[in-house]
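*Asks:* Hey, dropping work12.cif in here, mmCIF, C-alpha atoms:
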```cif
data_query
loop_
_atom_site.group_PDB
_atom_site.id
_atom_site.type_symbol
_atom_site.label_atom_id
_atom_site.label_comp_id
_atom_site.auth_asym_id
_atom_site.auth_seq_id
_atom_site.Cartn_x
_atom_site.Cartn_y
_atom_site.Cartn_z
ATOM 1 C CA MET A 1 80.269 124.704 36.218
ATOM 2 C CA PRO A 2 78.117 122.748 33.714
ATOM 3 C CA PRO A 3 74.693 124.118 32.724
ATOM 4 C CA PRO A 4 71.497 122.554 34.146
ATOM 5 C CA ARG A 5 70.518 119.427 32.243
ATOM 6 C CA THR A 6 67.281 117.682 31.427
ATOM 7 C CA ARG A 7 69.179 114.403 31.000
ATOM 8 C CA ASN A 8 71.066 112.525 33.671
ATOM 9 C CA GLY A 9 73.369 109.572 33.943
ATOM 10 C CA VAL A 10 77.059 108.992 33.403
ATOM 11 C CA VAL A 11 78.627 106.640 30.883
ATOM 12 C CA VAL A 12 82.047 105.358 31.910
ATOM 13 C CA VAL A 13 84.274 103.906 29.194
ATOM 14 C CA GLY A 14 87.208 102.028 30.672
ATOM 15 C CA ASP A 15 88.692 98.909 32.156
ATOM 16 C CA ALA A 16 86.942 96.220 34.177
ATOM 17 C CA ALA A 17 89.234 93.720 35.848
ATOM 18 C CA LEU A 18 89.776 91.023 38.414
ATOM 19 C CA ASP A 19 92.218 92.279 41.067
ATOM 20 C CA VAL A 20 94.470 89.917 43.021
ATOM 21 C CA THR A 21 95.442 92.076 45.993
ATOM 22 C CA ALA A 22 98.397 90.929 48.118
ATOM 23 C CA ARG A 23 99.123 92.990 51.229
ATOM 24 C CA HIS A 24 102.640 91.842 52.087
ATOM 25 C CA HIS A 25 104.219 92.160 55.513
ATOM 26 C CA GLY A 26 107.702 93.633 55.274
ATOM 27 C CA PRO A 27 109.756 94.013 52.098
ATOM 28 C CA LEU A 28 109.527 91.548 49.225
ATOM 29 C CA ILE A 29 112.299 88.948 49.277
ATOM 30 C CA PRO A 30 113.662 88.298 45.754
ATOM 31 C CA GLY A 31 113.857 84.553 45.214
ATOM 32 C CA GLY A 32 112.240 83.896 48.618
ATOM 33 C CA ASP A 33 108.868 83.819 50.377
ATOM 34 C CA THR A 34 107.056 86.824 51.806
ATOM 35 C CA ARG A 35 103.945 86.436 53.926
ATOM 36 C CA ALA A 36 100.886 88.257 52.599
ATOM 37 C CA ARG A 37 97.142 88.574 52.939
ATOM 38 C CA VAL A 38 95.652 87.831 49.501
ATOM 39 C CA ARG A 39 92.160 88.741 48.316
ATOM 40 C CA PHE A 40 90.329 88.501 44.978
ATOM 41 C CA THR A 41 88.159 91.538 44.202
ATOM 42 C CA GLY A 42 86.654 93.371 41.296
ATOM 43 C CA GLY A 43 88.783 96.176 39.891
ATOM 44 C CA GLY A 44 89.708 98.200 36.821
ATOM 45 C CA ALA A 45 89.696 101.998 36.690
ATOM 46 C CA GLY A 46 86.449 102.218 34.739
ATOM 47 C CA ALA A 47 84.590 99.734 36.933
ATOM 48 C CA ASN A 48 85.882 101.379 40.110
ATOM 49 C CA THR A 49 84.638 104.831 39.108
ATOM 50 C CA ALA A 50 81.315 103.424 37.898
ATOM 51 C CA LEU A 51 80.690 101.692 41.225
ATOM 52 C CA TRP A 52 81.629 104.717 43.315
ATOM 53 C CA LEU A 53 79.319 106.865 41.174
ATOM 54 C CA ARG A 54 76.496 104.379 41.652
ATOM 55 C CA SER A 55 77.104 104.340 45.405
ATOM 56 C CA LEU A 56 76.348 108.087 45.364
ATOM 57 C CA GLY A 57 73.061 107.498 43.548
ATOM 58 C CA THR A 58 74.212 108.447 40.034
ATOM 59 C CA GLU A 59 72.715 106.409 37.203
ATOM 60 C CA THR A 60 75.809 104.809 35.684
ATOM 61 C CA THR A 61 76.646 102.707 32.635
ATOM 62 C CA LEU A 62 79.997 100.963 32.137
ATOM 63 C CA VAL A 63 81.201 100.281 28.599
ATOM 64 C CA THR A 64 84.049 97.781 28.444
ATOM 65 C CA ARG A 65 85.318 94.532 26.936
ATOM 66 C CA VAL A 66 85.882 91.335 28.922
ATOM 67 C CA GLY A 67 86.825 87.755 28.204
ATOM 68 C CA ASP A 68 84.459 84.806 27.981
ATOM 69 C CA ASP A 69 85.660 83.500 31.333
ATOM 70 C CA ALA A 70 84.926 83.285 35.048
ATOM 71 C CA GLY A 71 86.603 86.624 35.732
ATOM 72 C CA GLY A 72 84.389 88.445 33.256
ATOM 73 C CA ARG A 73 81.245 86.825 34.618
ATOM 74 C CA LEU A 74 82.229 87.705 38.188
ATOM 75 C CA VAL A 75 82.877 91.344 37.310
ATOM 76 C CA HIS A 76 79.583 91.579 35.397
ATOM 77 C CA SER A 77 77.660 90.017 38.289
ATOM 78 C CA GLU A 78 79.136 92.359 40.918
ATOM 79 C CA LEU A 79 78.496 95.472 38.834
ATOM 80 C CA THR A 80 74.947 94.473 37.937
ATOM 81 C CA LYS A 81 74.151 93.636 41.565
ATOM 82 C CA ALA A 82 75.326 97.113 42.563
ATOM 83 C CA GLY A 83 73.034 98.719 39.995
ATOM 84 C CA VAL A 84 75.543 99.601 37.288
ATOM 85 C CA ARG A 85 74.262 99.058 33.755
ATOM 86 C CA CYS A 86 76.805 96.904 31.910
ATOM 87 C CA VAL A 87 77.410 97.370 28.187
ATOM 88 C CA PHE A 88 79.980 94.593 27.787
ATOM 89 C CA THR A 89 81.492 93.153 24.645
ATOM 90 C CA ILE A 90 82.566 89.553 25.167
ATOM 91 C CA ASP A 91 85.933 88.736 23.624
ATOM 92 C CA GLN A 92 86.317 85.101 22.589
ATOM 93 C CA ASP A 93 90.080 85.357 22.096
ATOM 94 C CA ALA A 94 91.394 87.321 25.083
ATOM 95 C CA PRO A 95 90.963 86.907 28.848
ATOM 96 C CA THR A 96 89.381 89.405 31.197
ATOM 97 C CA CYS A 97 91.882 91.946 32.491
ATOM 98 C CA CYS A 98 93.716 90.762 35.614
ATOM 99 C CA VAL A 99 95.819 92.946 37.906
ATOM 100 C CA VAL A 100 98.155 91.767 40.650
ATOM 101 C CA VAL A 101 98.218 94.518 43.278
ATOM 102 C CA LEU A 102 101.109 94.472 45.752
ATOM 103 C CA VAL A 103 100.347 96.577 48.839
ATOM 104 C CA ASP A 104 103.048 97.445 51.385
ATOM 105 C CA ASP A 105 102.739 98.184 55.107
ATOM 106 C CA ASP A 106 102.045 101.862 54.343
ATOM 107 C CA GLY A 107 99.125 100.998 52.086
ATOM 108 C CA GLN A 108 100.947 102.053 48.903
ATOM 109 C CA ARG A 109 100.364 99.834 45.889
ATOM 110 C CA SER A 110 102.381 98.567 42.950
ATOM 111 C CA MET A 111 100.540 96.875 40.103
ATOM 112 C CA LEU A 112 101.270 94.154 37.581
ATOM 113 C CA ALA A 113 98.591 94.462 34.926
ATOM 114 C CA ASP A 114 97.506 92.211 32.076
ATOM 115 C CA ARG A 115 94.882 94.333 30.318
ATOM 116 C CA GLY A 116 93.663 91.373 28.320
ATOM 117 C CA ALA A 117 90.361 92.052 26.557
ATOM 118 C CA ASN A 118 90.387 95.690 27.705
ATOM 119 C CA ALA A 119 93.285 96.385 25.344
ATOM 120 C CA ARG A 120 91.102 95.149 22.458
ATOM 121 C CA LEU A 121 88.218 97.599 22.986
ATOM 122 C CA ARG A 122 86.991 98.740 19.567
ATOM 123 C CA PRO A 123 85.009 101.739 18.318
ATOM 124 C CA GLU A 124 81.991 99.519 17.596
ATOM 125 C CA ASP A 125 82.004 98.407 21.259
ATOM 126 C CA VAL A 126 81.238 101.956 22.412
ATOM 127 C CA ARG A 127 77.467 102.186 22.694
ATOM 128 C CA ILE A 128 76.128 105.212 24.584
ATOM 129 C CA PRO A 129 72.577 104.824 25.912
ATOM 130 C CA GLU A 130 69.866 107.434 25.376
ATOM 131 C CA GLY A 131 69.472 109.932 28.168
ATOM 132 C CA ALA A 132 73.123 110.066 29.193
ATOM 133 C CA ALA A 133 74.442 113.489 30.209
ATOM 134 C CA HIS A 134 78.148 112.845 30.662
ATOM 135 C CA LEU A 135 80.908 110.563 29.391
ATOM 136 C CA HIS A 136 83.921 109.726 31.552
ATOM 137 C CA LEU A 137 86.875 108.072 29.806
ATOM 138 C CA SER A 138 89.661 106.177 31.542
ATOM 139 C CA GLY A 139 93.005 107.246 30.113
ATOM 140 C CA TYR A 140 94.147 103.633 29.844
ATOM 141 C CA VAL A 141 91.917 103.329 26.779
ATOM 142 C CA LEU A 142 93.804 106.132 25.015
ATOM 143 C CA LEU A 143 97.249 105.060 26.201
ATOM 144 C CA GLU A 144 97.064 101.605 24.589
ATOM 145 C CA GLU A 145 97.509 101.887 20.830
ATOM 146 C CA SER A 146 95.135 98.981 20.198
ATOM 147 C CA SER A 147 92.244 100.574 22.144
ATOM 148 C CA ARG A 148 93.003 104.223 21.347
ATOM 149 C CA PRO A 149 90.579 104.366 18.366
ATOM 150 C CA ALA A 150 87.786 103.308 20.725
ATOM 151 C CA GLY A 151 88.665 106.109 23.152
ATOM 152 C CA LEU A 152 88.695 108.684 20.376
ATOM 153 C CA ALA A 153 85.389 107.351 19.053
ATOM 154 C CA ALA A 154 83.844 107.628 22.522
ATOM 155 C CA LEU A 155 84.882 111.268 22.889
ATOM 156 C CA ALA A 156 83.693 112.112 19.380
ATOM 157 C CA HIS A 157 80.337 110.407 19.929
ATOM 158 C CA ALA A 158 79.880 112.244 23.228
ATOM 159 C CA LYS A 159 80.595 115.596 21.598
ATOM 160 C CA GLU A 160 78.168 114.901 18.755
ATOM 161 C CA SER A 161 75.497 113.882 21.291
ATOM 162 C CA GLY A 162 75.922 116.993 23.427
ATOM 163 C CA LEU A 163 77.396 115.207 26.455
ATOM 164 C CA THR A 164 79.931 116.821 28.754
ATOM 165 C CA THR A 165 83.175 114.851 29.011
ATOM 166 C CA SER A 166 85.967 114.030 31.434
ATOM 167 C CA VAL A 167 89.203 112.050 31.227
ATOM 168 C CA ASP A 168 91.496 110.635 33.914
ATOM 169 C CA PRO A 169 95.052 110.258 32.497
ATOM 170 C CA GLN A 170 95.636 107.211 34.778
ATOM 171 C CA ALA A 171 99.317 106.451 34.082
ATOM 172 C CA ALA A 172 101.997 109.160 34.275
ATOM 173 C CA ALA A 173 104.703 106.917 32.821
ATOM 174 C CA HIS A 174 102.797 106.438 29.559
ATOM 175 C CA LEU A 175 101.661 109.999 28.837
ATOM 176 C CA THR A 176 102.922 111.641 25.645
ATOM 177 C CA GLU A 177 102.213 114.801 23.674
ATOM 178 C CA ALA A 178 99.732 112.796 21.621
ATOM 179 C CA PHE A 179 97.575 112.403 24.726
ATOM 180 C CA LEU A 180 96.930 116.146 24.894
ATOM 181 C CA GLU A 181 95.934 116.122 21.243
ATOM 182 C CA ASP A 182 93.549 113.223 21.899
ATOM 183 C CA ILE A 183 91.744 114.997 24.743
ATOM 184 C CA SER A 184 91.436 118.385 23.035
ATOM 185 C CA GLY A 185 87.976 119.784 23.774
ATOM 186 C CA VAL A 186 87.344 117.690 26.891
ATOM 187 C CA ASP A 187 85.464 119.582 29.607
ATOM 188 C CA LEU A 188 87.337 118.219 32.635
ATOM 189 C CA LEU A 189 90.744 116.575 33.095
ATOM 190 C CA LEU A 190 91.338 114.623 36.330
ATOM 191 C CA PRO A 191 95.073 113.963 36.876
ATOM 192 C CA ASN A 192 96.967 113.171 40.047
ATOM 193 C CA THR A 193 100.153 115.069 40.848
ATOM 194 C CA ASP A 194 102.444 112.622 39.012
ATOM 195 C CA GLU A 195 100.298 112.882 35.906
ATOM 196 C CA LEU A 196 100.260 116.668 36.198
ATOM 197 C CA VAL A 197 104.071 116.627 36.241
ATOM 198 C CA ALA A 198 104.111 114.424 33.141
ATOM 199 C CA LEU A 199 101.777 116.823 31.332
ATOM 200 C CA THR A 200 103.166 120.189 32.485
ATOM 201 C CA GLY A 201 106.608 119.539 33.989
ATOM 202 C CA SER A 202 105.540 120.854 37.398
ATOM 203 C CA PRO A 203 103.708 119.487 40.467
ATOM 204 C CA GLU A 204 102.229 122.916 41.236
ATOM 205 C CA PRO A 205 98.462 123.085 40.615
ATOM 206 C CA ALA A 206 98.881 126.455 38.891
ATOM 207 C CA SER A 207 100.876 124.710 36.145
ATOM 208 C CA ALA A 208 97.582 123.195 34.970
ATOM 209 C CA LYS A 209 96.704 126.609 33.546
ATOM 210 C CA THR A 210 98.850 125.626 30.560
ATOM 211 C CA LEU A 211 96.372 122.828 29.837
ATOM 212 C CA LEU A 212 93.336 125.090 29.619
ATOM 213 C CA GLY A 213 93.847 125.591 25.915
ATOM 214 C CA ALA A 214 93.058 121.895 25.475
ATOM 215 C CA VAL A 215 90.518 121.282 28.279
ATOM 216 C CA GLY A 216 87.902 123.365 30.045
ATOM 217 C CA ALA A 217 89.040 122.718 33.616
ATOM 218 C CA VAL A 218 91.427 120.540 35.620
ATOM 219 C CA ALA A 219 90.816 118.856 38.982
ATOM 220 C CA VAL A 220 94.074 117.608 40.509
ATOM 221 C CA THR A 221 94.231 115.121 43.358
ATOM 222 C CA ALA A 222 97.379 115.270 45.467
ATOM 223 C CA GLY A 223 96.467 112.497 47.920
ATOM 224 C CA PRO A 224 97.414 113.544 51.466
ATOM 225 C CA ASP A 225 98.086 117.073 50.216
ATOM 226 C CA GLY A 226 94.483 117.675 49.165
ATOM 227 C CA ALA A 227 93.093 118.662 45.779
ATOM 228 C CA SER A 228 92.830 121.672 43.476
ATOM 229 C CA TRP A 229 90.485 122.959 40.778
ATOM 230 C CA ILE A 230 91.957 125.035 37.967
ATOM 231 C CA ASP A 231 89.925 126.897 35.377
ATOM 232 C CA ALA A 232 89.765 130.300 33.702
ATOM 233 C CA ASP A 233 88.816 131.878 37.037
ATOM 234 C CA GLY A 234 92.008 130.708 38.774
ATOM 235 C CA VAL A 235 93.067 128.025 41.270
ATOM 236 C CA THR A 236 91.004 126.740 44.203
ATOM 237 C CA SER A 237 92.586 124.283 46.665
ATOM 238 C CA ILE A 238 91.362 122.367 49.713
ATOM 239 C CA PRO A 239 93.188 120.138 52.221
ATOM 240 C CA ALA A 240 92.934 116.368 52.322
ATOM 241 C CA GLU A 241 90.564 114.443 54.557
ATOM 242 C CA ARG A 242 92.435 112.482 57.232
ATOM 243 C CA ALA A 243 92.258 108.714 56.782
ATOM 244 C CA ASP A 244 94.204 105.598 57.769
ATOM 245 C CA CYS A 245 95.574 104.256 54.474
ATOM 246 C CA VAL A 246 95.034 100.507 54.196
ATOM 247 C CA ASN A 247 95.258 100.325 50.398
ATOM 248 C CA SER A 248 95.671 103.263 48.006
ATOM 249 C CA THR A 249 94.416 101.237 45.023
ATOM 250 C CA GLY A 250 91.546 102.997 43.298
ATOM 251 C CA ALA A 251 91.672 106.167 45.414
ATOM 252 C CA GLY A 252 91.956 108.295 42.275
ATOM 253 C CA ASP A 253 89.013 106.468 40.694
ATOM 254 C CA ALA A 254 86.918 107.236 43.769
ATOM 255 C CA PHE A 255 88.075 110.874 43.671
ATOM 256 C CA ASP A 256 86.870 111.068 40.064
ATOM 257 C CA ALA A 257 83.439 109.775 41.065
ATOM 258 C CA GLY A 258 83.085 112.233 43.934
ATOM 259 C CA VAL A 259 84.099 115.171 41.751
ATOM 260 C CA LEU A 260 81.830 114.184 38.863
ATOM 261 C CA HIS A 261 78.803 113.558 41.063
ATOM 262 C CA ALA A 262 79.078 117.025 42.635
ATOM 263 C CA TRP A 263 80.126 118.839 39.451
ATOM 264 C CA LEU A 264 77.245 117.468 37.399
ATOM 265 C CA ALA A 265 74.856 118.488 40.184
ATOM 266 C CA GLY A 266 76.059 122.096 39.842
ATOM 267 C CA ALA A 267 77.835 122.269 43.221
ATOM 268 C CA SER A 268 80.306 125.020 44.076
ATOM 269 C CA THR A 269 83.978 124.511 43.237
ATOM 270 C CA VAL A 270 84.866 123.884 46.885
ATOM 271 C CA ASP A 271 82.059 121.352 47.258
ATOM 272 C CA VAL A 272 83.095 119.623 44.033
ATOM 273 C CA LEU A 273 86.626 119.188 45.404
ATOM 274 C CA ARG A 274 85.299 118.152 48.795
ATOM 275 C CA GLY A 275 83.194 115.457 47.144
ATOM 276 C CA GLY A 276 86.296 114.017 45.500
ATOM 277 C CA VAL A 277 88.490 114.262 48.587
ATOM 278 C CA LEU A 278 85.912 112.615 50.856
ATOM 279 C CA LEU A 279 85.381 109.676 48.517
ATOM 280 C CA GLY A 280 89.123 109.243 47.955
ATOM 281 C CA ALA A 281 89.632 109.132 51.727
ATOM 282 C CA ARG A 282 86.952 106.463 52.049
ATOM 283 C CA ALA A 283 88.586 104.401 49.330
ATOM 284 C CA VAL A 284 92.015 104.149 50.991
ATOM 285 C CA THR A 285 90.499 102.672 54.150
ATOM 286 C CA ARG A 286 89.325 99.604 52.235
ATOM 287 C CA THR A 287 91.149 96.426 51.197
ATOM 288 C CA GLY A 288 89.811 96.563 47.631
ATOM 289 C CA ALA A 289 89.390 99.408 45.158
ATOM 290 C CA GLN A 290 85.583 99.377 45.104
ATOM 291 C CA PRO A 291 82.813 100.384 47.562
#
```
So that I can check it, write out the structure of this file as structure tokens.

*Replies:*
Amino acid sequence: MPPPRTRNGVVVVGDAALDVTARHHGPLIPGGDTRARVRFTGGGAGANTALWLRSLGTETTLVTRVGDDAGGRLVHSELTKAGVRCVFTIDQDAPTCCVVVLVDDDGQRSMLADRGANARLRPEDVRIPEGAAHLHLSGYVLLEESSRPAGLAALAHAKESGLTTSVDPQAAAHLTEAFLEDISGVDLLLPNTDELVALTGSPEPASAKTLLGAVGAVAVTAGPDGASWIDADGVTSIPAERADCVNSTGAGDAFDAGVLHAWLAGASTVDVLRGGVLLGARAVTRTGAQP
């Protein structure tokens, strides 16, 4: 558990996006038409976590890069209205990130992402406000070669400033050995089961013990199979919270927020996991990825 702090507030460095969510009825028909319910909502892993944190009462800042377009202005307006402090760099040459989210009848999502301006995040864009206690980094920043220097700069700045740190790997298919080198020294890693497999070769929570040489602790979300906390003291697991899955988009981002809110407050390991599981369960009952 982290020590008591005189500072508070979380800085999230990561994507902000416009999501086009299409819940299709039945399988997609290649070359044909498939009926769907389509909605435009705010999204992006960084923005999602920032909003869920703010919904819990945590003072939250989002650091990101957006285009000089309607999408960027919409995202900024929604975040600001919710009470998230926005440290945005406006990119004149790239559009705001846009993600097409295809959701099937079981609520499972597939995404088509154009990271746009997010992929152009630069070290000089990362500005951490005074009084912050923790930095949370979306793994997408590290997994894109063009934005990776910004992610590394964010972690380095946090360490120099005495902030605790966390990283969500975000995308199992893009994880490499370099990722573990990049996150060396991070206090908390927040993978899902697929990402755990990519990093350790096993879906078993205990396999995360092999990561403890690089990170201080690991909190794994396994969706309907619950969640686990792994640190030097061992493995603690809890079951999932029952929920009707409408859309799984952003459930991991909500889990991150629930875990961080409880962890930074000094809650017990079980209560930290419960905070993540409860928020993840709330997220899947919604059409969009944000509260």

*Asks:* Take atom CA of A:Thr176 and atom CA of A:Val259 and report the distance between them in Å, one decimal.

*Replies:* 25.0 Å

*Asks:* Closest to A:Gly162 among A:Arg148, A:Lys209, A:His134, A:Arg120, using all atoms listed in the file?

*Replies:*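 Checking each of A:Arg148, A:Lys209, A:His134, A:Arg120 against A:Gly162, counting all atoms listed in the file, the winner is A:His134.
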
*Asks:* I'd like to know which of A:Asp68, A:Asp187, A:Glu241, A:Asp93 is closest to A:Ala219, using only C-alpha atoms.

*Replies:* A:Asp187

*Asks:* Measuring atom to atom with only C-alpha atoms, identify which of A:Gly276, A:Gly71, A:Asp33, A:Ala158 is nearest to A:Gly226.

*Replies:*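 Of all the options, A:Gly276 lies closest to A:Gly226.
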
*Asks:* Determine the residue set returned by the PyMOL selection byres ((chain A and resi 11) around 9) for the present structure, and present it as a ChimeraX atom specification.

*Replies:* /A:9-10,12-13,50,59-63,128-129,132-137
